[in-house]
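Comments concern the structure below.
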Amino acid sequence: MRLDKYLAHNNYGTRKEVRSIIKEKRVIVNGEVVTNAGEILNINEDEISVDGLTINYVENVYYMMNKPQNYECTHIEDKYPSVLELLPTNHKDLFFVGRLDVDTEGLLLITNDGQFSHRIAHGNKDIYKTYYVGLKDTFDKTFISELQQGIPLDGELLKPAKVEIVEDKVILLSIGEGKYHQVKRMMHYCNNEVTYLKRISIGNLKLDESLNLGEYRMLTHEEIALF
Ligand code: URA
């Protein structure tokens, strides 16, 4: 594997950022300073360190994807292709951290770190997910206080939601759970219908808007630490 790719994979930054780390002579391979970003490593044998700290090859992967419509969060393809096809290698051991519907776009986390996934999906901390919601009809503001208190769904009360009106037919909705078709069902409760749905954040992690639909990148150390 190329040195710059290896460092990026180990969350030392983007390819551009790791190239400057390499240029700054902070990377040592088998006792020698290496300044060539394209140096080919034998990751099973070479000893690589940055700023004097040896890297243990990270087997966990954490992808942020800007999910496009017409792709499914699935391991078994049916009608639509799987979002996993958009990744460089198709790992079998990947988890979707909160699935998105086939017609939903936006922030999707994919990892092989089961504990990370569990912390976000079922942890004690309230991790709110925010959606940009396009609606068929003007949003009826009389529902705001009900949503803020928690509406009933599946026979139980949802956590208080946060609502921000963007335009007559567009709201930002933040929810504390990740129930099946939750936003769509919440909008039905408000006598409306979702025409466009995009997840824009999970907790303090925002969708990287430089990612085009279908593109992905690794999470940085700081982003992983948010959870
Ligand atoms: N709520 C929905 O209805 N669909 C999604 O994809 C995510 C949240």
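Chain labels A, B, ... are given in the sequence in which chains occur in the structure tokens; within each chain residues are numbered consecutively from 1, and ligands are likewise numbered from 1 in the order shown.
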
* What's the 6 Å shell around segment 47-59 of chain A, counting only C-alpha atoms, without same-chain residues fewer than 2 positions away, as JSON, numbers by chain? -> {"A": [10, 26, 27, 28, 29, 30]}

* Pick out the residues sitting within 8 Å of segment 96-101 of chain A, and hand them over as a PyMOL selection string; count only C-alpha atoms, and ignore anything fewer than 2 positions along from it in its own chain. => chain A and resi 72-73+94+103-105+108-111+117-118+120-121+178+181

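Shortest separation to Met65 of chain A among A:Ile127, A:Ile165, A:Leu207, A:Val102 occurs at residue A:Leu207, atoms counted being only C-alpha atoms.
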
* **Contacts of ligand 1, 12 Å or closer, only C-alpha atoms and all ligand atoms, given as number ranges by chain** => A: 67-73, 97-108, 128-134, 173-188, 193-202

* To do: Just the strand (DSSP E) stuff from segment 137-176 of chain A, please, per backbone DSSP, written as number ranges by chain.
  => A: 152-153, 156-157, 162-167, 170-175

* To do: Please provide the set of residues having any atom within 8 Å of Thr74 of chain A, restricted to only C-alpha atoms, with same-chain residues fewer than 2 positions apart removed, written as number ranges by chain.
  => A: 72, 76-77, 82-84

* Based on DSSP run over this structure's backbone, return all residues of segment 18-89 of chain A in alpha helix (DSSP H), as a ChimeraX atom specification. => /A:18-23

* Among listed residues A:Tyr62, A:Phe116, A:Phe95, A:Tyr80, nearest Leu219 of chain A (using only C-alpha atoms) -> A:Tyr62

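Atom pair atom CA of Glu85 of chain A / atom CA of Leu213 of chain A: separated by 13.5 Å.
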
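Residue nearest Thr138 of chain A, chosen from A:Ala8, A:Val166, A:Met1, A:Ile22 and counting only C-alpha atoms: A:Val166.
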